[in-house]
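Chemist: Dropping a structure here in structure tokens format, bear with me for questions.
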Amino acid sequence: VGHAGTLDPLATGLLIICTGKFTKRIDEFQAQEKEYTGTFVLGASTPSSDMEKEVDEYFPTAHLTDELIYSATKNFIGEIDQSPPLFSAIKVDGKRAYEMARKGDETILPTRKVEIREFEITGIRPVRSNPEEIGKNRVTIEVDFRVSCSKGTYIRSLARDFGKALESGAYLSVLRRTRIGEFKIEDAVTIEEFVASLAE
């Protein structure tokens with residue numbers, strides 16, 4: 001038994017499980033195009049570029065218009081050089097990057113070429129924070145998206161770079177994998193459903 005592609009701890013969605021002779025096809029499935037939906041939060045950043053770590057910096061958002069947000073997606077379509085997030089499973093000198101990052105080592109990981117085939121903004125919502133919570137009334141912007149991309153693409157890195165392209169900051173708050181090649185989330189079963197089917 002094996003699976004074709006990990007998901008970040010806070011992510012949900014499609015995971016291909018292979019058994020028996022199909023385990024020989026894991027590399028084939030992993031190499032296929034993937035589709036994700038989720039939400040970026042513009043106007044803030046975290047060390048992990050997602051919600052595993054607390055917000056460590058806030059950025060201005062007053063200059064951000066819907067038109068600017070929509071047009072920024074064009075910068076990422078096609079083949080791009082992407083730097084993986086510090087908190088990732090990539091190995092550097094035999095050590096996992098996330099292990100080094102947790103010890104305070106902020107080694108810059110080498111960029112890799114990935115391909116973003118589609119990048120669509122599906123919703124934009126300004127969110128005004130509670131001034132008592134953080135001492136200042138700040139506005140962040142939640143941006144819903146859909147992305148089709150090649151193997152090896154980090155959506156957390158896309159969030160980070162999308163924020164920089166907008167002269168602000170960003171992190172990933174929601175991520176769901178909806179497709180791997182021809183396999184779609186609507187055709188999948190939950191773990192609970194699968195276990196129940198075995199009992200039957």
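Just so we're on the same page: first chain in the structure tokens is A, next is B, and so on; residues restart at 1 for each chain, and ligands are numbered from 1 in the order they show up.
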Going by DSSP on the backbone, which bits of region 2-167 of chain A are strand (DSSP E)? Write them as a compact mmCIF listing (two decimals) with N, CA, C and O atoms, in the first residue's frame, please.

Modeler:
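Output below, filename result_2.txt:
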```txt
# COMPACT_ATOMS: atom_id res chain seq x y z
N GLY A 2 0.49 2.23 -0.80
CA GLY A 2 1.20 3.50 -0.80
C GLY A 2 0.28 4.60 -1.29
O GLY A 2 -0.80 4.33 -1.80
N HIS A 3 0.70 5.86 -1.12
CA HIS A 3 -0.13 6.97 -1.60
C HIS A 3 0.65 7.84 -2.57
O HIS A 3 1.88 7.90 -2.53
N THR A 12 -6.84 19.66 3.07
CA THR A 12 -7.81 18.58 2.92
C THR A 12 -7.86 18.19 1.44
O THR A 12 -7.21 18.81 0.61
N GLY A 13 -8.65 17.18 1.13
CA GLY A 13 -8.88 16.87 -0.27
C GLY A 13 -8.40 15.51 -0.71
O GLY A 13 -8.27 14.57 0.08
N ILE A 17 -4.75 6.44 -3.11
CA ILE A 17 -4.18 5.30 -2.39
C ILE A 17 -4.01 4.15 -3.38
O ILE A 17 -4.96 3.79 -4.08
N CYS A 18 -2.81 3.59 -3.44
CA CYS A 18 -2.53 2.48 -4.35
C CYS A 18 -2.24 1.21 -3.56
O CYS A 18 -1.55 1.25 -2.55
N LYS A 34 -2.15 18.78 -10.96
CA LYS A 34 -2.98 18.84 -9.75
C LYS A 34 -3.78 20.14 -9.74
O LYS A 34 -3.34 21.15 -10.27
N GLU A 35 -4.95 20.06 -9.13
CA GLU A 35 -5.79 21.25 -8.98
C GLU A 35 -6.11 21.46 -7.51
O GLU A 35 -6.38 20.50 -6.78
N TYR A 36 -6.04 22.71 -7.09
CA TYR A 36 -6.31 23.08 -5.71
C TYR A 36 -7.30 24.24 -5.66
O TYR A 36 -7.31 25.09 -6.56
N THR A 37 -8.09 24.29 -4.60
CA THR A 37 -8.86 25.48 -4.27
C THR A 37 -8.47 25.88 -2.85
O THR A 37 -7.96 25.07 -2.08
N GLY A 38 -8.71 27.15 -2.52
CA GLY A 38 -8.35 27.58 -1.18
C GLY A 38 -8.50 29.07 -1.00
O GLY A 38 -9.16 29.75 -1.79
N THR A 39 -7.85 29.59 0.05
CA THR A 39 -7.95 31.00 0.40
C THR A 39 -6.59 31.55 0.81
O THR A 39 -5.89 30.93 1.62
N PHE A 40 -6.22 32.68 0.24
CA PHE A 40 -5.07 33.46 0.69
C PHE A 40 -5.59 34.58 1.59
O PHE A 40 -6.68 35.11 1.36
N VAL A 41 -4.79 34.96 2.59
CA VAL A 41 -5.07 36.15 3.39
C VAL A 41 -4.03 37.20 3.02
O VAL A 41 -2.83 37.00 3.29
N LEU A 42 -4.46 38.28 2.40
CA LEU A 42 -3.56 39.37 2.03
C LEU A 42 -3.47 40.37 3.18
O LEU A 42 -4.46 40.65 3.85
N ALA A 44 -0.94 40.15 5.62
CA ALA A 44 -0.23 39.57 6.77
C ALA A 44 0.62 38.40 6.28
O ALA A 44 0.40 37.88 5.18
N SER A 45 1.58 37.99 7.09
CA SER A 45 2.41 36.84 6.74
C SER A 45 2.71 36.01 7.98
O SER A 45 2.58 36.49 9.11
N GLU A 57 3.89 39.40 10.87
CA GLU A 57 4.05 40.73 10.27
C GLU A 57 2.76 41.11 9.54
O GLU A 57 2.10 40.26 8.94
N TYR A 58 2.44 42.41 9.62
CA TYR A 58 1.28 42.95 8.89
C TYR A 58 1.75 43.91 7.81
O TYR A 58 2.81 44.52 7.93
N GLY A 78 2.17 29.98 -16.42
CA GLY A 78 3.27 29.43 -17.20
C GLY A 78 4.37 28.87 -16.31
O GLY A 78 4.14 28.59 -15.12
N GLU A 79 5.55 28.70 -16.88
CA GLU A 79 6.68 28.16 -16.11
C GLU A 79 7.31 29.28 -15.29
O GLU A 79 7.67 30.32 -15.82
N ILE A 80 7.45 29.05 -13.98
CA ILE A 80 8.03 30.05 -13.09
C ILE A 80 9.09 29.40 -12.21
O ILE A 80 9.11 28.18 -12.03
N ASP A 81 9.99 30.22 -11.67
CA ASP A 81 10.96 29.76 -10.68
C ASP A 81 10.36 29.99 -9.31
O ASP A 81 10.02 31.12 -8.95
N GLN A 82 10.22 28.91 -8.54
CA GLN A 82 9.57 29.01 -7.23
C GLN A 82 10.52 28.51 -6.14
O GLN A 82 11.12 27.45 -6.26
N LYS A 91 14.84 17.98 1.52
CA LYS A 91 16.08 17.70 2.25
C LYS A 91 17.20 18.64 1.83
O LYS A 91 17.41 18.88 0.64
N VAL A 92 17.91 19.19 2.82
CA VAL A 92 19.07 20.03 2.60
C VAL A 92 20.23 19.43 3.39
O VAL A 92 20.17 19.36 4.62
N LYS A 95 19.09 16.82 5.79
CA LYS A 95 18.13 17.20 6.84
C LYS A 95 16.87 17.79 6.21
O LYS A 95 16.95 18.48 5.20
N ARG A 96 15.73 17.53 6.82
CA ARG A 96 14.48 18.10 6.35
C ARG A 96 14.49 19.61 6.61
O ARG A 96 14.90 20.06 7.68
N ARG A 112 13.08 26.13 -7.90
CA ARG A 112 12.82 25.04 -8.83
C ARG A 112 11.79 25.52 -9.84
O ARG A 112 10.98 26.39 -9.55
N LYS A 113 11.85 24.96 -11.03
CA LYS A 113 10.90 25.35 -12.07
C LYS A 113 9.61 24.55 -11.91
O LYS A 113 9.65 23.33 -11.84
N VAL A 114 8.50 25.26 -11.84
CA VAL A 114 7.18 24.64 -11.78
C VAL A 114 6.30 25.33 -12.81
O VAL A 114 6.66 26.40 -13.33
N GLU A 115 5.16 24.73 -13.10
CA GLU A 115 4.27 25.33 -14.09
C GLU A 115 2.88 25.54 -13.50
O GLU A 115 2.26 24.61 -12.98
N ILE A 116 2.42 26.79 -13.57
CA ILE A 116 1.05 27.13 -13.18
C ILE A 116 0.23 27.21 -14.46
O ILE A 116 0.47 28.10 -15.29
N ARG A 117 -0.70 26.30 -14.66
CA ARG A 117 -1.46 26.29 -15.90
C ARG A 117 -2.71 27.16 -15.83
O ARG A 117 -3.11 27.77 -16.80
N GLU A 118 -3.34 27.20 -14.66
CA GLU A 118 -4.50 28.07 -14.45
C GLU A 118 -4.41 28.67 -13.06
O GLU A 118 -4.03 27.99 -12.11
N PHE A 119 -4.76 29.95 -12.93
CA PHE A 119 -4.77 30.64 -11.64
C PHE A 119 -5.95 31.60 -11.67
O PHE A 119 -5.90 32.64 -12.30
N GLU A 120 -7.02 31.21 -11.00
CA GLU A 120 -8.28 31.95 -11.06
C GLU A 120 -8.67 32.45 -9.68
O GLU A 120 -8.64 31.70 -8.70
N ILE A 121 -9.02 33.74 -9.58
CA ILE A 121 -9.55 34.29 -8.34
C ILE A 121 -11.07 34.10 -8.37
O ILE A 121 -11.74 34.52 -9.31
N THR A 122 -11.61 33.47 -7.32
CA THR A 122 -13.04 33.15 -7.31
C THR A 122 -13.82 33.93 -6.25
O THR A 122 -15.04 33.81 -6.18
N GLY A 123 -13.11 34.73 -5.43
CA GLY A 123 -13.81 35.53 -4.43
C GLY A 123 -12.85 36.46 -3.71
O GLY A 123 -11.68 36.11 -3.51
N ILE A 124 -13.33 37.65 -3.31
CA ILE A 124 -12.51 38.64 -2.59
C ILE A 124 -13.35 39.22 -1.46
O ILE A 124 -14.45 39.73 -1.70
N ARG A 125 -12.84 39.14 -0.21
CA ARG A 125 -13.59 39.63 0.95
C ARG A 125 -12.66 40.39 1.91
O ARG A 125 -11.79 39.78 2.54
N PRO A 126 -12.85 41.72 2.06
CA PRO A 126 -12.09 42.45 3.09
C PRO A 126 -12.56 42.02 4.49
O PRO A 126 -13.75 41.80 4.71
N VAL A 127 -11.61 41.88 5.41
CA VAL A 127 -11.94 41.47 6.79
C VAL A 127 -11.29 42.47 7.75
O VAL A 127 -10.07 42.63 7.75
N ARG A 128 -12.11 43.16 8.55
CA ARG A 128 -11.59 44.12 9.53
C ARG A 128 -11.35 43.40 10.84
O ARG A 128 -12.23 42.74 11.38
N VAL A 139 -6.98 45.88 8.31
CA VAL A 139 -7.84 45.23 7.35
C VAL A 139 -7.01 44.23 6.54
O VAL A 139 -6.01 44.59 5.92
N THR A 140 -7.41 42.95 6.60
CA THR A 140 -6.82 41.95 5.72
C THR A 140 -7.87 41.61 4.65
O THR A 140 -9.04 41.95 4.80
N ILE A 141 -7.43 40.96 3.60
CA ILE A 141 -8.33 40.62 2.50
C ILE A 141 -8.24 39.12 2.24
O ILE A 141 -7.15 38.60 1.98
N GLU A 142 -9.38 38.44 2.33
CA GLU A 142 -9.42 37.01 2.00
C GLU A 142 -9.69 36.85 0.51
O GLU A 142 -10.65 37.42 -0.01
N VAL A 143 -8.84 36.08 -0.14
CA VAL A 143 -8.93 35.87 -1.58
C VAL A 143 -9.08 34.38 -1.86
O VAL A 143 -8.18 33.59 -1.57
N ASP A 144 -10.23 33.98 -2.39
CA ASP A 144 -10.45 32.58 -2.78
C ASP A 144 -9.86 32.35 -4.17
O ASP A 144 -9.92 33.23 -5.04
N PHE A 145 -9.32 31.16 -4.39
CA PHE A 145 -8.65 30.89 -5.66
C PHE A 145 -8.85 29.45 -6.11
O PHE A 145 -9.25 28.58 -5.34
N ARG A 146 -8.52 29.21 -7.39
CA ARG A 146 -8.42 27.86 -7.94
C ARG A 146 -7.15 27.84 -8.79
O ARG A 146 -6.93 28.72 -9.60
N VAL A 147 -6.32 26.81 -8.58
CA VAL A 147 -5.04 26.71 -9.27
C VAL A 147 -4.87 25.31 -9.87
O VAL A 147 -5.14 24.31 -9.18
N SER A 148 -4.45 25.24 -11.13
CA SER A 148 -4.01 23.98 -11.74
C SER A 148 -2.51 24.09 -11.95
O SER A 148 -2.05 25.09 -12.52
N CYS A 149 -1.75 23.09 -11.52
CA CYS A 149 -0.30 23.23 -11.53
C CYS A 149 0.40 21.89 -11.70
O CYS A 149 -0.20 20.83 -11.58
```

Chemist: Just checking: using only C-alpha atoms, which residue out of A:Lys151, A:Ser71, A:Thr111, A:Glu200 ends up closest to Glu28 (chain A)?

Modeler: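 Nearest candidate to Glu28 (chain A) out of A:Lys151, A:Ser71, A:Thr111, A:Glu200: A:Lys151.
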
Chemist: Which residues are near Asp50 (chain A)? Cut-off 12 Å, only C-alpha atoms, ignore same chain within fewer than 4 positions. Put them as number ranges by chain.

Modeler: A: 8-11, 38-42, 44-46, 54-56, 85-88, 154-160, 169-175

Chemist: Give me, please, the distance in Å between CA of Arg177 (chain A) and CA of Leu68 (chain A), quoted to one decimal.

Modeler: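 Pair CA of Arg177 (chain A) / CA of Leu68 (chain A) returns 26.0 Å.
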
Chemist: What gap, in Å, lies between CA of Ala4 (chain A) and CA of Thr190 (chain A)?

Modeler: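 Those two atoms sit 16.2 Å apart.
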
Chemist: Within 6 Å of Thr61 (chain A), counting only C-alpha atoms, which residues qualify if same-chain residues fewer than 2 places away don't, as a list of chain:residue names?

Modeler: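 Counting only C-alpha atoms, the residues come to A:Gly43, A:His63, A:Leu64.
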
Chemist: Export N, CA, C and O atoms of the chosen residues as a tab-separated table (two decimals), in the first residue's frame?

Modeler:
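Resulting contents of part_37.tsv:
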```tsv
chain	number	residue	atom	x	y	z
A	43	GLY	N	-2.26	40.91	3.39
A	43	GLY	CA	-2.06	41.92	4.42
A	43	GLY	C	-1.37	41.41	5.65
A	43	GLY	O	-1.20	42.14	6.64
A	63	HIS	N	-4.10	50.00	-0.72
A	63	HIS	CA	-3.86	50.22	-2.15
A	63	HIS	C	-4.41	49.09	-3.02
A	63	HIS	O	-4.42	49.19	-4.24
A	64	LEU	N	-4.88	48.01	-2.39
A	64	LEU	CA	-5.30	46.84	-3.15
A	64	LEU	C	-6.75	46.97	-3.64
A	64	LEU	O	-7.67	47.14	-2.84
```
